[in-house]
Amino acid sequence: MADEKKTPEKKETPEQKEQNTLMAAMELIANGGNAKSLAFEAIRLAKKGDIEGARKKLKDSDASLNKAHNSQTGMLTKEAQGDHIHVTLLVVHSQDHLMNAITFRDIAGEMVDLYEKLYKSGALKRDAK
């Protein structure tokens, strides 16, 4: 087997590192905010009796949460490898934003389930259009 030469990894400059951290934080905020908005839309649809539409919004919310989770995983992987980031208020805010979105999505799922049961039992009636 021939000797394989490893190309040296390019080290990020401090400016690039800061920019990458900023972008990851903004991805968490944007995708977390989108996920929370979609979960809220799911509750509104379920309240009106559109359970199928509500479940679609929950799936869309999950897709946004997955994007945010991937950004977060990238940040955590770098940290675990010893590539520490400078923790700014924006980074803290992005993590807080994501955790609130996850919690809201979980609650929205429970509320959609509850509305579905209430409509199926006849305790709630859909508005006539």
# chains A, B, ... in the order shown; residues from 1 in each chain; ligands from 1
$ closest_atom_pairs --of "region 63-104 of chain A" --to "region 16-22 of chain A" --cutoff "12 Å" --atoms "only C-alpha atoms" --output "CSV"
residue,atom,partner,partner_atom,distance
A:Ser71,CA,A:Thr21,CA,9.9
A:Gln72,CA,A:Thr21,CA,10.3
A:Gly74,CA,A:Thr21,CA,10.0
A:Met75,CA,A:Thr21,CA,7.7
A:Leu76,CA,A:Thr21,CA,11.2
A:Lys78,CA,A:Thr21,CA,10.5
A:Glu79,CA,A:Thr21,CA,11.3
A:Asp83,CA,A:Lys17,CA,9.6
A:His84,CA,A:Lys17,CA,9.7
A:Ile85,CA,A:Thr21,CA,7.2
A:His86,CA,A:Glu18,CA,7.7
A:Val87,CA,A:Thr21,CA,9.1
A:Thr88,CA,A:Leu22,CA,9.3
A:Leu89,CA,A:Leu22,CA,10.8
A:Leu90,CA,A:Leu22,CA,7.8
A:Val91,CA,A:Leu22,CA,7.6
A:Val92,CA,A:Leu22,CA,11.3
A:His93,CA,A:Leu22,CA,11.5
A:Ser94,CA,A:Leu22,CA,9.8
$ residues_around --residues "Gly33 (chain A)" --least-positions-apart "3" --cutoff "10 Å" --atoms "only C-alpha atoms" --output "PyMOL selection string"
chain A and resi 27-30+36-39+61+64-65+68+94+97-98+100-101
$ write_last_selection --atoms "C-alpha atoms" --output "JSON list (two decimals), in the first residue's frame"
[["chain", "number", "residue", "atom", "x", "y", "z"],
["A", 27, "GLU", "CA", -29.67, 29.23, 11.55],
["A", 28, "LEU", "CA", -30.82, 28.12, 15.00],
["A", 29, "ILE", "CA", -32.86, 31.29, 15.46],
["A", 30, "ALA", "CA", -34.40, 31.22, 11.96],
["A", 36, "LYS", "CA", -42.48, 27.44, 16.47],
["A", 37, "SER", "CA", -44.64, 29.40, 14.00],
["A", 38, "LEU", "CA", -45.59, 26.22, 12.16],
["A", 39, "ALA", "CA", -46.49, 24.51, 15.44],
["A", 61, "SER", "CA", -42.32, 22.13, 12.08],
["A", 64, "SER", "CA", -37.42, 23.02, 10.57],
["A", 65, "LEU", "CA", -36.40, 21.61, 13.95],
["A", 68, "ALA", "CA", -31.87, 23.67, 13.53],
["A", 94, "SER", "CA", -30.04, 30.98, 19.68],
["A", 97, "HIS", "CA", -34.79, 30.06, 20.92],
["A", 98, "LEU", "CA", -34.32, 26.44, 19.83],
["A", 100, "ASN", "CA", -38.44, 27.09, 23.30],
["A", 101, "ALA", "CA", -39.33, 25.91, 19.79]]
$ residues_around --residues "region 57-60 of chain A" --least-positions-apart "5" --cutoff "10 Å" --atoms "only C-alpha atoms" --output "compact mmCIF listing (two decimals) with C-alpha atoms, in the first residue's frame"
# COMPACT_ATOMS: atom_id res chain seq x y z
CA ASN A 34 -40.04 28.86 11.80
CA ALA A 35 -40.68 25.60 13.68
CA LYS A 36 -42.48 27.44 16.47
CA SER A 37 -44.64 29.40 14.00
CA LEU A 38 -45.59 26.22 12.16
CA ALA A 39 -46.49 24.51 15.44
CA PHE A 40 -48.68 27.48 16.36
CA GLU A 41 -50.40 27.21 12.96
CA ALA A 42 -51.03 23.53 13.72
CA ILE A 43 -52.87 24.45 16.92
CA LEU A 45 -55.94 24.46 12.40
CA ILE A 51 -56.68 17.82 12.07
CA GLU A 52 -55.11 16.65 8.80
CA LEU A 65 -36.40 21.61 13.95
CA ASN A 66 -34.24 19.02 12.19
CA ARG A 105 -43.68 21.82 19.20
CA ASP A 106 -44.14 19.11 21.84
CA ALA A 108 -48.61 21.65 20.00
CA GLY A 109 -48.55 17.93 19.21
CA VAL A 112 -53.61 18.58 18.22
$ closest_residue --among "A:Gly82, A:Gly32, A:Gly53, A:Pro14" --to "Lys67 (chain A)" --atoms "only C-alpha atoms"
A:Gly32
$ closest_residue --among "A:Met99, A:Lys47, A:Ala80, A:Asn70" --to "Asp113 (chain A)" --atoms "only C-alpha atoms"
A:Lys47
$ atom_distance --atom1 "CA of Asp50 (chain A)" --atom2 "CA of Leu124 (chain A)"
12.3 Å
$ atom_distance --atom1 "CA of Gly49 (chain A)" --atom2 "CA of Arg126 (chain A)"
5.7 Å
